[in-house]
There are 4 protein chains.
Amino acid sequence: MRDVAAQTDNRGIPINRVGVRDIHLPVMIREKDGGMARVLGEFDVSVQLPHHERGTHMSRFVEVLSAWSRQPVATDEIRQMLEEIRSAFRADAARLQLTFKYFLEKDSPASGLTSSLDYDCLFAGQISDEDYRFTLGATVPIMTLCPCSKEISDYGAHSQRAQLTVRLRSSGDFIIWLEDLVPLLEAQGSYEVFPMLKRSDEKVVTEAAYDNPKFVEDVVRDTVLALRALASITWFSVECKSYESIHNHTAYAYAESGGE
Amino acid sequence: MRDVAAQTDNRGIPINRVGVRDIHLPVMIREKDGGMARVLGEFDVSVQLPHHERGTHMSRFVEVLSAWSRQPVATDEIRQMLEEIRSAFRADAARLQLTFKYFLEKDSPASGLTSSLDYDCLFAGQISDEDYRFTLGATVPIMTLCPCSKEISDYGAHSQRAQLTVRLRSSGDFIIWLEDLVPLLEAQGSYEVFPMLKRSDEKVVTEAAYDNPKFVEDVVRDTVLALRALASITWFSVECKSYESIHNHTAYAYAESGGE
Amino acid sequence: MRDVAAQTDNRGIPINRVGVRDIHLPVMIREKDGGMARVLGEFDVSVQLPHHERGTHMSRFVEVLSAWSRQPVATDEIRQMLEEIRSAFRADAARLQLTFKYFLEKDSPASGLTSSLDYDCLFAGQISDEDYRFTLGATVPIMTLCPCSKEISDYGAHSQRAQLTVRLRSSGDFIIWLEDLVPLLEAQGSYEVFPMLKRSDEKVVTEAAYDNPKFVEDVVRDTVLALRALASITWFSVECKSYESIHNHTAYAYAESGGE
Amino acid sequence: MRDVAAQTDNRGIPINRVGVRDIHLPVMIREKDGGMARVLGEFDVSVQLPHHERGTHMSRFVEVLSAWSRQPVATDEIRQMLEEIRSAFRADAARLQLTFKYFLEKDSPASGLTSSLDYDCLFAGQISDEDYRFTLGATVPIMTLCPCSKEISDYGAHSQRAQLTVRLRSSGDFIIWLEDLVPLLEAQGSYEVFPMLKRSDEKVVTEAAYDNPKFVEDVVRDTVLALRALASITWFSVECKSYESIHNHTAYAYAESGGE
């Protein structure tokens, strides 16, 4: 059976990334306390293809990922997966992106009732002969209450749901856990959101948000300050998107900092 | 060239709908004032297939729709399209759904500045030997401000963007224009949303919404009352979805009324 | 603290459904072999609201769902959840829809390699004084190869990915497991799809699909025949959507059968 | 009325981009032949915010875009819009992205029937004191037929719908029209796709695709060669995503070339 993907290519064009996407697999995420969360993972994985190779054997990606579906992963394991992929494909460089909904428990602010909220998280890695880079990401829902609306109105102030997304890279072996990053981000809005609120909780949320009005610009700046306080971070990006309640469009602010 | 779609089928199974979807075409919508709006249309069109026919000639759908892409459409033209389709396919029944973003101009409440807002609209028709039914639909963005949050809080009240969706059918030749339906629906929220608001406008929106708190249940009931006042409507459904600013989920209410 | 949702409403309008949507929670699904799959669930849950009640206490939905997030669910448990909801809300009727990606292992046809494929599944229930109805749903990816293209061409035939979606209700206590329904549906395309295929497998898939050309109409009719063979089913709907490789639109066929 | 957005900020943090997204407006696109296409535009527009300004007056974005909604745009006009925005905001830098479905007529390969196909297109610009950069983008649907499947199978070969996306920048005043770029991209797949195909056309498509098998890697390399032949291009990226008919995931290849 002739292997056409293994043919020599004469067009002289290397390809930055060849791979597969939209792969869903159960994944176990290592938790900060030593436990393990079973999540639904979505993968995007690729290798660099040298100019002389016609194609990649895509099934190998699925083989590697399937094997990893049965053991807990975190920062270190993403590197191991990438090294396996590089080796399996004899590739100079490889990339992997794993996105998943991660659940953390929250206590409602007055009733103290506990419920679980989901956060869209990201583990991304890229490896080459020169280096390995790991990027951690999280998107958390928050509430924003408009400072302008509060200032100019005799009463009330419009609020809305917003999303705060951070991507970051850290130096050396310093690990930032989602269990620590997510609450840090939730603290940057006018207030946090919760899955379950009794009336006593809703009063706290309403008044606290009114006491803490923030533009998307404010959320981004305060997040930058909070991330700077984490000494090991070498690069980050911050984006806040606010689904304005007075408009049918989205307001946003985006900042990044640190060497690529 | 043998036509396998035209073969006789022996499985004895009629199929309710056979057709095409995700067809994008420019469409001209007849406006209330006699003008014409050029919009981006998305079509879903199908016919009933009798048990003895193996397949449908899908390219005919595209032929009919392409021809109609060059002339203004409204209620009556949807019926003509369906009659053409029934005839082209010699089908007992046919259905068509056209969705499009429709723009209407709005004046901001204090500054009087004019801007255009987009609404997701629907023209749907189904025809058979027995009858023809036309359904008009519109989804309008609105603002909801929570009555509970206002009641229990010393100050402030959470608000958020919501969507109000109506589908309706009317008797006889009575035409309800989107130009009339959309403003009627926008009036049912705590307040309307606008593309462009100056500070003087934002003050009006903030205070007016605070003065008019509504649950999704309230929005739906008030919309039901408003629609009942339009005498010709024989059936309608109303749904309000509120993207809660204090939660990461959606609250909704749905009501329908009238014979199918 | 006054409870405005508990106020009496005078508008005289009952609301068919009031509830929450886009709620994500970890869920444990009971497997056929007695095991348990941990999946990411998305819930839509609602109750009927009588004309005299102004609002619903939405937080109770989250309370009930959160408690159920910690124990395995299947057909029977959906009924228990709905009974708890009816009781918690003193509602005449309640509805619940749980959608989730479910994984089943598949052996590649020649190499015998095992990998996991994900299927979009649905458990839906509705309960009232009169009755309880449970609907099971599954969407499976399949391959379709066009009979017309094969017939008229000297060589080759276009193929594409398609999706086959079934919803069904069965009588009495008869349980249809996803472990049985999914393979039955996968058998209705020109051929199945797999996460991982070696070249020996790809040869089998290619030739088998070419030997078994099917229109969406054929897929739907063959699925109807297969479902009819399951004696306990009282109602079903079948839809096949084919993402045509020769077009930029979708071809589809939809049939349903049995009393509502 | 105090203007809190105009306050001085003391956090010392400049923000890369502050703006609005998900803005829909009718747009007129200048056509190659001097005509004008009315399309549905979606805008993402932002400015850089210096460290000492607390916020941006988002309504100005909508003012500028609304005015431009009434006149034809192409490369040059994007620059004018950005200059207006920089001036209105007294900003050092500004960015704009306009995405829209653009329709071009195609003749079916045997019957010669004409129909319109939609392509997702992009005009993006960024301006600062130092320079102005314009990026043109287009995503075209194509068909890919797998070389491996053809090689190893006694008959048949799986095919599927794929998408080819190009982003490019050119030097000086050289304009590349969508009317020229789109057909160039459509020629890179195993074959083109069409809205409307009669049986005589479908035979041509089927056989031509079988005669021209391509991996996503092949499509990307051939596109790179085709773009290199356009002398004025200074940077481009090419991505081909193939919705594999034998899998439930996407295969892709991505290459870029030229200085940022």
# chains A, B, ... in the order shown; residues from 1 in each chain; ligands from 1
call {"tool": "closest_atom_pairs", "arguments": {"of": "chain B", "to": "chain C", "cutoff": "8 Å", "atoms": "only C-alpha atoms", "output": "Markdown table"}}
result
| residue | atom | partner | partner_atom | distance |
| --- | --- | --- | --- | --- |
| B:Met1 | CA | C:Ile152 | CA | 6.0 |
| B:Arg2 | CA | C:Ile152 | CA | 6.8 |
| B:Asp3 | CA | C:Cys148 | CA | 7.0 |
| B:Val4 | CA | C:Cys148 | CA | 5.7 |
| B:Ala5 | CA | C:Cys148 | CA | 6.9 |
| B:Arg11 | CA | C:Arg221 | CA | 7.3 |
| B:Ile13 | CA | C:Arg221 | CA | 6.4 |
| B:Pro14 | CA | C:Ala255 | CA | 7.7 |
| B:Ile15 | CA | C:Ala255 | CA | 5.0 |
| B:Asn16 | CA | C:Ala255 | CA | 5.0 |
| B:Arg17 | CA | C:Tyr254 | CA | 5.1 |
| B:Val18 | CA | C:Ala253 | CA | 4.3 |
| B:Gly19 | CA | C:Tyr252 | CA | 5.4 |
| B:Val20 | CA | C:Ala251 | CA | 4.5 |
| B:Arg21 | CA | C:Thr250 | CA | 5.1 |
| B:Asp22 | CA | C:His249 | CA | 5.2 |
| B:Ile23 | CA | C:His249 | CA | 5.6 |
| B:Arg54 | CA | C:Glu217 | CA | 7.1 |
| B:Gly55 | CA | C:Glu217 | CA | 6.2 |
| B:Met58 | CA | C:Ala251 | CA | 7.7 |
| B:Pro147 | CA | C:Val4 | CA | 7.0 |
| B:Cys148 | CA | C:Val4 | CA | 5.8 |
| B:Glu151 | CA | C:Arg2 | CA | 7.1 |
| B:Ile152 | CA | C:Met1 | CA | 6.0 |
| B:Phe215 | CA | C:Gly55 | CA | 7.3 |
| B:Glu217 | CA | C:Gly55 | CA | 6.2 |
| B:Asp218 | CA | C:Arg54 | CA | 7.4 |
| B:Arg221 | CA | C:Ile13 | CA | 6.4 |
| B:Asn248 | CA | C:Ile23 | CA | 7.7 |
| B:His249 | CA | C:Asp22 | CA | 5.2 |
| B:Thr250 | CA | C:Arg21 | CA | 5.1 |
| B:Ala251 | CA | C:Val20 | CA | 4.5 |
| B:Tyr252 | CA | C:Gly19 | CA | 5.4 |
| B:Ala253 | CA | C:Val18 | CA | 4.2 |
| B:Tyr254 | CA | C:Arg17 | CA | 5.1 |
| B:Ala255 | CA | C:Asn16 | CA | 5.0 |
| B:Glu256 | CA | C:Asn16 | CA | 7.1 |
call {"tool": "write_last_selection", "arguments": {"atoms": "N, CA, C and O atoms", "output": "CSV table (one decimal), in the first residue's frame"}}
result
chain,number,residue,atom,x,y,z
B,1,MET,N,-28.0,9.7,-19.3
B,1,MET,CA,-27.6,9.8,-17.9
B,1,MET,C,-28.8,9.4,-17.0
B,1,MET,O,-29.8,10.1,-16.9
B,2,ARG,N,-28.7,8.3,-16.4
B,2,ARG,CA,-29.8,7.8,-15.6
B,2,ARG,C,-30.0,8.7,-14.4
B,2,ARG,O,-29.1,9.2,-13.8
B,3,ASP,N,-31.3,8.9,-14.0
B,3,ASP,CA,-31.6,9.8,-12.9
B,3,ASP,C,-32.0,9.0,-11.7
B,3,ASP,O,-33.2,8.6,-11.6
B,4,VAL,N,-31.1,8.7,-10.8
B,4,VAL,CA,-31.4,7.8,-9.7
B,4,VAL,C,-32.3,8.5,-8.7
B,4,VAL,O,-33.1,7.8,-8.0
B,5,ALA,N,-32.3,9.8,-8.6
B,5,ALA,CA,-33.3,10.5,-7.7
B,5,ALA,C,-34.7,10.3,-8.1
B,5,ALA,O,-35.6,10.3,-7.3
B,11,ARG,N,-39.7,1.4,-0.2
B,11,ARG,CA,-39.7,1.3,1.2
B,11,ARG,C,-41.0,1.7,1.9
B,11,ARG,O,-41.3,1.5,3.0
B,13,ILE,N,-42.2,4.7,2.6
B,13,ILE,CA,-42.1,5.7,3.7
B,13,ILE,C,-42.1,7.1,3.1
B,13,ILE,O,-41.2,7.5,2.4
B,14,PRO,N,-43.2,7.9,3.3
B,14,PRO,CA,-43.2,9.3,2.9
B,14,PRO,C,-42.3,10.1,3.8
B,14,PRO,O,-42.0,9.7,5.0
B,15,ILE,N,-41.7,11.2,3.3
B,15,ILE,CA,-40.8,12.0,4.1
B,15,ILE,C,-41.4,13.4,4.3
B,15,ILE,O,-41.8,14.0,3.3
B,16,ASN,N,-41.5,13.8,5.5
B,16,ASN,CA,-42.2,15.1,5.8
B,16,ASN,C,-41.6,16.3,5.1
B,16,ASN,O,-42.2,17.2,4.5
B,17,ARG,N,-40.2,16.3,5.1
B,17,ARG,CA,-39.5,17.5,4.5
B,17,ARG,C,-38.2,17.0,3.9
B,17,ARG,O,-37.4,16.4,4.6
B,18,VAL,N,-38.0,17.4,2.7
B,18,VAL,CA,-36.7,17.2,2.0
B,18,VAL,C,-36.3,18.5,1.4
B,18,VAL,O,-37.1,19.1,0.7
B,19,GLY,N,-35.1,19.0,1.7
B,19,GLY,CA,-34.7,20.3,1.2
B,19,GLY,C,-33.3,20.7,1.5
B,19,GLY,O,-32.4,19.9,1.7
B,20,VAL,N,-33.1,22.0,1.4
B,20,VAL,CA,-31.8,22.6,1.6
B,20,VAL,C,-31.9,23.7,2.7
B,20,VAL,O,-32.9,24.4,2.8
B,21,ARG,N,-30.7,23.9,3.3
B,21,ARG,CA,-30.6,24.9,4.4
B,21,ARG,C,-29.3,25.6,4.3
B,21,ARG,O,-28.4,25.2,3.5
B,22,ASP,N,-29.1,26.7,5.0
B,22,ASP,CA,-27.8,27.4,5.0
B,22,ASP,C,-27.5,28.0,3.7
B,22,ASP,O,-26.4,28.0,3.3
B,23,ILE,N,-28.6,28.4,3.0
B,23,ILE,CA,-28.4,29.0,1.7
B,23,ILE,C,-28.4,30.5,1.9
B,23,ILE,O,-29.4,31.1,2.4
B,54,ARG,N,-37.9,8.3,-4.8
B,54,ARG,CA,-36.7,8.0,-4.1
B,54,ARG,C,-36.0,9.4,-3.6
B,54,ARG,O,-35.6,9.4,-2.5
B,55,GLY,N,-36.0,10.4,-4.5
B,55,GLY,CA,-35.3,11.6,-4.1
B,55,GLY,C,-35.8,12.8,-4.7
B,55,GLY,O,-36.8,12.8,-5.5
B,58,MET,N,-32.6,18.6,-5.7
B,58,MET,CA,-32.3,19.8,-4.8
B,58,MET,C,-31.9,21.0,-5.6
B,58,MET,O,-32.2,22.1,-5.1
B,147,PRO,N,-36.9,43.6,39.2
B,147,PRO,CA,-37.8,44.1,40.2
B,147,PRO,C,-37.4,43.7,41.6
B,147,PRO,O,-37.5,44.4,42.6
B,148,CYS,N,-36.9,42.4,41.7
B,148,CYS,CA,-36.5,41.9,43.0
B,148,CYS,C,-35.3,42.6,43.5
B,148,CYS,O,-35.2,43.1,44.7
B,151,GLU,N,-36.2,46.1,44.7
B,151,GLU,CA,-37.0,46.1,45.9
B,151,GLU,C,-36.2,45.8,47.1
B,151,GLU,O,-36.4,46.5,48.2
B,152,ILE,N,-35.2,44.9,47.1
B,152,ILE,CA,-34.5,44.5,48.3
B,152,ILE,C,-33.3,45.3,48.5
B,152,ILE,O,-32.7,45.2,49.6
B,215,PHE,N,-39.5,41.5,35.3
B,215,PHE,CA,-39.0,40.2,35.2
B,215,PHE,C,-39.2,39.7,33.8
B,215,PHE,O,-40.1,40.3,33.1
B,217,GLU,N,-41.0,37.3,33.1
B,217,GLU,CA,-42.4,37.0,33.2
B,217,GLU,C,-43.2,38.2,32.8
B,217,GLU,O,-44.3,38.1,32.2
B,218,ASP,N,-42.8,39.4,33.4
B,218,ASP,CA,-43.6,40.6,33.1
B,218,ASP,C,-43.5,41.0,31.6
B,218,ASP,O,-44.5,41.4,31.0
B,221,ARG,N,-45.8,38.7,29.7
B,221,ARG,CA,-47.2,39.1,29.8
B,221,ARG,C,-47.6,40.4,29.2
B,221,ARG,O,-48.7,40.5,28.5
B,248,ASN,N,-24.2,33.4,35.3
B,248,ASN,CA,-23.7,33.0,34.0
B,248,ASN,C,-24.7,32.2,33.2
B,248,ASN,O,-24.3,31.4,32.3
B,249,HIS,N,-25.9,32.3,33.5
B,249,HIS,CA,-26.9,31.6,32.7
B,249,HIS,C,-28.1,32.6,32.3
B,249,HIS,O,-28.1,33.7,32.6
B,250,THR,N,-29.0,32.0,31.6
B,250,THR,CA,-30.1,32.8,30.9
B,250,THR,C,-31.4,32.5,31.7
B,250,THR,O,-31.7,31.3,31.9
B,251,ALA,N,-32.2,33.5,32.0
B,251,ALA,CA,-33.5,33.3,32.5
B,251,ALA,C,-34.5,33.5,31.3
B,251,ALA,O,-34.2,34.3,30.5
B,252,TYR,N,-35.6,32.7,31.3
B,252,TYR,CA,-36.5,32.9,30.2
B,252,TYR,C,-37.9,32.6,30.5
B,252,TYR,O,-38.2,31.9,31.5
B,253,ALA,N,-38.8,33.2,29.7
B,253,ALA,CA,-40.2,32.9,29.9
B,253,ALA,C,-40.8,32.7,28.4
B,253,ALA,O,-40.4,33.5,27.5
B,254,TYR,N,-41.7,31.8,28.3
B,254,TYR,CA,-42.3,31.5,27.0
B,254,TYR,C,-43.8,31.3,27.1
B,254,TYR,O,-44.3,30.5,27.9
B,255,ALA,N,-44.6,32.0,26.3
B,255,ALA,CA,-46.0,31.8,26.2
B,255,ALA,C,-46.5,31.7,24.8
B,255,ALA,O,-45.9,32.4,23.9
B,256,GLU,N,-47.5,30.9,24.6
B,256,GLU,CA,-48.1,31.0,23.2
B,256,GLU,C,-49.6,30.9,23.4
B,256,GLU,O,-50.2,30.5,24.4
call {"tool": "residues_around", "arguments": {"residues": "Thr206 in chain C", "least_positions_apart": "3", "cutoff": "12 Å", "atoms": "only C-alpha atoms", "output": "PyMOL selection string"}}
result
(chain C and resi 109+143-145+156-160+190-193+197+199-203+209-213) or (chain D and resi 145-159+245-246)
call {"tool": "write_last_selection", "arguments": {"atoms": "C-alpha atoms", "output": "PDB file, in the first residue's frame"}}
result
ATOM      1  CA  PRO C 109     -12.596  -1.674  10.674  1.00  0.00           C
ATOM      2  CA  MET C 143     -20.562   9.666   5.904  1.00  0.00           C
ATOM      3  CA  THR C 144     -22.866   9.953   2.898  1.00  0.00           C
ATOM      4  CA  LEU C 145     -21.796   9.150  -0.664  1.00  0.00           C
ATOM      5  CA  GLY C 156     -15.402   8.590  -8.248  1.00  0.00           C
ATOM      6  CA  ALA C 157     -18.431   9.912  -6.355  1.00  0.00           C
ATOM      7  CA  HIS C 158     -18.576  12.836  -3.990  1.00  0.00           C
ATOM      8  CA  SER C 159     -18.904  12.079  -0.290  1.00  0.00           C
ATOM      9  CA  GLN C 160     -19.222  14.266   2.802  1.00  0.00           C
ATOM     10  CA  SER C 190     -22.990   5.157   3.504  1.00  0.00           C
ATOM     11  CA  TYR C 191     -20.458   4.311   6.219  1.00  0.00           C
ATOM     12  CA  GLU C 192     -19.489   5.196   9.774  1.00  0.00           C
ATOM     13  CA  VAL C 193     -16.877   7.774  10.732  1.00  0.00           C
ATOM     14  CA  LEU C 197      -7.989   5.364  10.858  1.00  0.00           C
ATOM     15  CA  ARG C 199      -4.355   3.301   5.867  1.00  0.00           C
ATOM     16  CA  SER C 200      -5.758  -0.242   5.921  1.00  0.00           C
ATOM     17  CA  ASP C 201      -8.854   1.173   7.638  1.00  0.00           C
ATOM     18  CA  GLU C 202      -9.192   4.061   5.233  1.00  0.00           C
ATOM     19  CA  LYS C 203      -9.269   1.608   2.314  1.00  0.00           C
ATOM     20  CA  ALA C 209     -18.942   3.891   1.283  1.00  0.00           C
ATOM     21  CA  TYR C 210     -18.601   3.675  -2.505  1.00  0.00           C
ATOM     22  CA  ASP C 211     -20.471   0.359  -2.402  1.00  0.00           C
ATOM     23  CA  ASN C 212     -23.291   1.885  -0.366  1.00  0.00           C
ATOM     24  CA  PRO C 213     -24.318   5.250  -1.867  1.00  0.00           C
TER      25      PRO C 213
ATOM     26  CA  LEU D 145     -10.490  14.726  -2.367  1.00  0.00           C
ATOM     27  CA  CYS D 146      -8.027  12.650  -0.374  1.00  0.00           C
ATOM     28  CA  PRO D 147      -4.924  11.475  -2.303  1.00  0.00           C
ATOM     29  CA  CYS D 148      -4.263   8.698   0.209  1.00  0.00           C
ATOM     30  CA  SER D 149      -7.814   7.349  -0.017  1.00  0.00           C
ATOM     31  CA  LYS D 150      -7.611   7.349  -3.827  1.00  0.00           C
ATOM     32  CA  GLU D 151      -4.205   5.686  -3.879  1.00  0.00           C
ATOM     33  CA  ILE D 152      -5.005   2.795  -1.550  1.00  0.00           C
ATOM     34  CA  SER D 153      -8.579   2.052  -2.642  1.00  0.00           C
ATOM     35  CA  ASP D 154      -9.612  -0.097  -5.582  1.00  0.00           C
ATOM     36  CA  TYR D 155     -12.355   2.434  -6.336  1.00  0.00           C
ATOM     37  CA  GLY D 156     -13.669   5.684  -4.954  1.00  0.00           C
ATOM     38  CA  ALA D 157     -11.942   8.239  -2.740  1.00  0.00           C
ATOM     39  CA  HIS D 158     -13.456  10.220   0.094  1.00  0.00           C
ATOM     40  CA  SER D 159     -14.085  13.905  -0.496  1.00  0.00           C
ATOM     41  CA  SER D 245     -15.944  12.972   5.741  1.00  0.00           C
ATOM     42  CA  ILE D 246     -14.353   9.930   7.413  1.00  0.00           C
TER      43      ILE D 246
END
call {"tool": "residues_around", "arguments": {"residues": "Asp129 in chain B", "least_positions_apart": "5", "cutoff": "12 Å", "atoms": "only C-alpha atoms", "output": "short mmCIF file (atom, residue, chain, number, x, y, z; two decimals) with all heavy atoms, in the first residue's frame"}}
result
data_model
loop_
_atom_site.label_atom_id
_atom_site.label_comp_id
_atom_site.auth_asym_id
_atom_site.auth_seq_id
_atom_site.Cartn_x
_atom_site.Cartn_y
_atom_site.Cartn_z
N GLN B 48 -42.52 18.11 0.76
CA GLN B 48 -42.90 16.78 1.23
C GLN B 48 -42.60 15.78 0.12
O GLN B 48 -42.85 16.07 -1.05
CB GLN B 48 -44.40 16.82 1.54
CG GLN B 48 -44.92 15.60 2.25
CD GLN B 48 -46.41 15.77 2.60
OE1 GLN B 48 -46.83 16.86 3.01
NE2 GLN B 48 -47.17 14.73 2.40
N LEU B 82 -43.62 29.70 -2.66
CA LEU B 82 -44.04 28.34 -2.26
C LEU B 82 -44.88 27.68 -3.34
O LEU B 82 -44.77 26.47 -3.57
CB LEU B 82 -44.80 28.41 -0.93
CG LEU B 82 -43.88 28.52 0.28
CD1 LEU B 82 -44.68 28.94 1.51
CD2 LEU B 82 -43.14 27.21 0.53
N GLU B 83 -45.70 28.45 -4.03
CA GLU B 83 -46.49 27.86 -5.10
C GLU B 83 -45.60 27.44 -6.27
O GLU B 83 -45.79 26.38 -6.86
CB GLU B 83 -47.61 28.82 -5.54
CG GLU B 83 -48.78 28.73 -4.55
CD GLU B 83 -49.83 29.83 -4.72
OE1 GLU B 83 -49.59 30.76 -5.52
OE2 GLU B 83 -50.86 29.77 -4.03
N ARG B 86 -43.92 24.21 -5.07
CA ARG B 86 -44.84 23.06 -5.15
C ARG B 86 -44.98 22.59 -6.58
O ARG B 86 -44.99 21.40 -6.87
CB ARG B 86 -46.22 23.46 -4.66
CG ARG B 86 -46.45 23.19 -3.21
CD ARG B 86 -47.91 23.47 -2.90
NE ARG B 86 -48.73 22.31 -3.08
CZ ARG B 86 -50.06 22.33 -3.19
NH1 ARG B 86 -50.69 23.48 -3.16
NH2 ARG B 86 -50.71 21.22 -3.33
N SER B 87 -45.12 23.57 -7.47
CA SER B 87 -45.34 23.23 -8.87
C SER B 87 -44.07 22.61 -9.48
O SER B 87 -44.13 21.58 -10.15
CB SER B 87 -45.75 24.51 -9.60
OG SER B 87 -45.62 24.34 -10.97
N ARG B 90 -43.86 19.20 -8.08
CA ARG B 90 -45.12 18.44 -8.04
C ARG B 90 -45.33 17.85 -6.64
O ARG B 90 -45.62 16.66 -6.47
CB ARG B 90 -45.09 17.29 -9.04
CG ARG B 90 -45.02 17.76 -10.48
CD ARG B 90 -44.59 16.62 -11.39
NE ARG B 90 -44.14 17.15 -12.66
CZ ARG B 90 -44.80 16.98 -13.82
NH1 ARG B 90 -45.90 16.28 -13.85
NH2 ARG B 90 -44.32 17.50 -14.93
N ALA B 91 -45.15 18.71 -5.63
CA ALA B 91 -45.20 18.26 -4.25
C ALA B 91 -46.53 18.60 -3.61
O ALA B 91 -47.15 19.61 -3.95
CB ALA B 91 -44.07 18.91 -3.45
N ASP B 92 -46.98 17.78 -2.68
CA ASP B 92 -48.22 18.07 -1.96
C ASP B 92 -48.06 19.27 -1.03
O ASP B 92 -48.99 20.03 -0.82
CB ASP B 92 -48.65 16.85 -1.14
CG ASP B 92 -49.22 15.77 -2.03
OD1 ASP B 92 -49.65 16.09 -3.16
OD2 ASP B 92 -49.23 14.59 -1.61
N ALA B 93 -46.88 19.38 -0.45
CA ALA B 93 -46.68 20.44 0.55
C ALA B 93 -45.27 20.98 0.43
O ALA B 93 -44.35 20.28 0.02
CB ALA B 93 -46.91 19.89 1.95
N ALA B 94 -45.11 22.25 0.80
CA ALA B 94 -43.79 22.88 0.77
C ALA B 94 -43.68 23.87 1.92
O ALA B 94 -44.68 24.39 2.42
CB ALA B 94 -43.58 23.60 -0.56
#
call {"tool": "select_by_dssp", "arguments": {"residues": "range 170-255 of chain A", "states": "strand (DSSP E)", "output": "list in words"}}
result
Ser170, Tyr191, Glu192, Ile233, Thr234, Trp235, Phe236, Ser237, Val238, Glu239, Cys240, Lys241, Ser242, Thr250, Ala251, Tyr252, Ala253, Tyr254 and Ala255 of chain A
call {"tool": "residues_around", "arguments": {"residues": "Thr234 in chain D", "least_positions_apart": "6", "cutoff": "9 Å", "atoms": "only C-alpha atoms", "output": "NGL selection string"}}
result
:D and (168-171 or 257-260)
call {"tool": "atom_distance", "arguments": {"atom1": "CA of Phe100 in chain C", "atom2": "CA of Asp180 in chain A"}}
result
28.1 Å
call {"tool": "closest_residue", "arguments": {"among": "A:Val27, A:Ala229, A:Leu117, A:Ala124", "to": "Pro195 in chain A", "atoms": "only C-alpha atoms"}}
result
A:Leu117
call {"tool": "residues_around", "arguments": {"residues": "Ala226 in chain A", "least_positions_apart": "6", "cutoff": "10 Å", "atoms": "only C-alpha atoms", "output": "ChimeraX atom specification"}}
result
/A:184-185,187-188,220
call {"tool": "select_by_dssp", "arguments": {"residues": "range 16-243 of chain D", "states": "alpha helix (DSSP H)", "output": "ChimeraX atom specification"}}
result
/D:59-68,75-89,147-152,178-186,199-210,216-228
call {"tool": "atom_distance", "arguments": {"atom1": "CA of Gly189 in chain D", "atom2": "CA of Leu113 in chain D"}}
result
21.3 Å
call {"tool": "residues_around", "arguments": {"residues": "Met81 in chain B", "least_positions_apart": "2", "cutoff": "8 Å", "atoms": "only C-alpha atoms", "output": "VMD selection string"}}
result
chain B and resid 64 to 65 68 77 to 79 83 to 85
call {"tool": "write_last_selection", "arguments": {"atoms": "C-alpha atoms", "output": "tab-separated table (two decimals), in the first residue's frame"}}
result
chain	number	residue	atom	x	y	z
B	64	VAL	CA	-36.32	29.19	-7.61
B	65	LEU	CA	-34.60	31.11	-4.83
B	68	TRP	CA	-36.55	35.52	-6.40
B	77	GLU	CA	-44.28	36.86	-2.42
B	78	ILE	CA	-43.51	34.11	0.10
B	79	ARG	CA	-46.75	32.48	-1.00
B	83	GLU	CA	-46.49	27.86	-5.10
B	84	GLU	CA	-43.63	27.86	-7.59
B	85	ILE	CA	-41.81	25.31	-5.49
call {"tool": "decode", "arguments": {"residues": "range 99-114 of chain D", "atoms": "C-alpha atoms", "output": "compact mmCIF listing (two decimals), in the first residue's frame"}}
result
# COMPACT_ATOMS: atom_id res chain seq x y z
CA THR D 99 -16.31 41.35 7.86
CA PHE D 100 -19.07 40.65 5.37
CA LYS D 101 -20.48 38.05 3.04
CA TYR D 102 -19.67 38.99 -0.54
CA PHE D 103 -21.48 37.41 -3.48
CA LEU D 104 -19.95 36.57 -6.84
CA GLU D 105 -21.63 34.93 -9.78
CA LYS D 106 -20.42 31.55 -10.97
CA ASP D 107 -21.20 29.55 -14.07
CA SER D 108 -21.80 25.85 -13.58
CA PRO D 109 -19.13 23.88 -15.48
CA ALA D 110 -21.29 22.00 -18.02
CA SER D 111 -24.74 23.61 -18.09
CA GLY D 112 -23.34 27.13 -17.89
CA LEU D 113 -26.14 28.10 -15.48
CA THR D 114 -25.27 31.15 -13.43
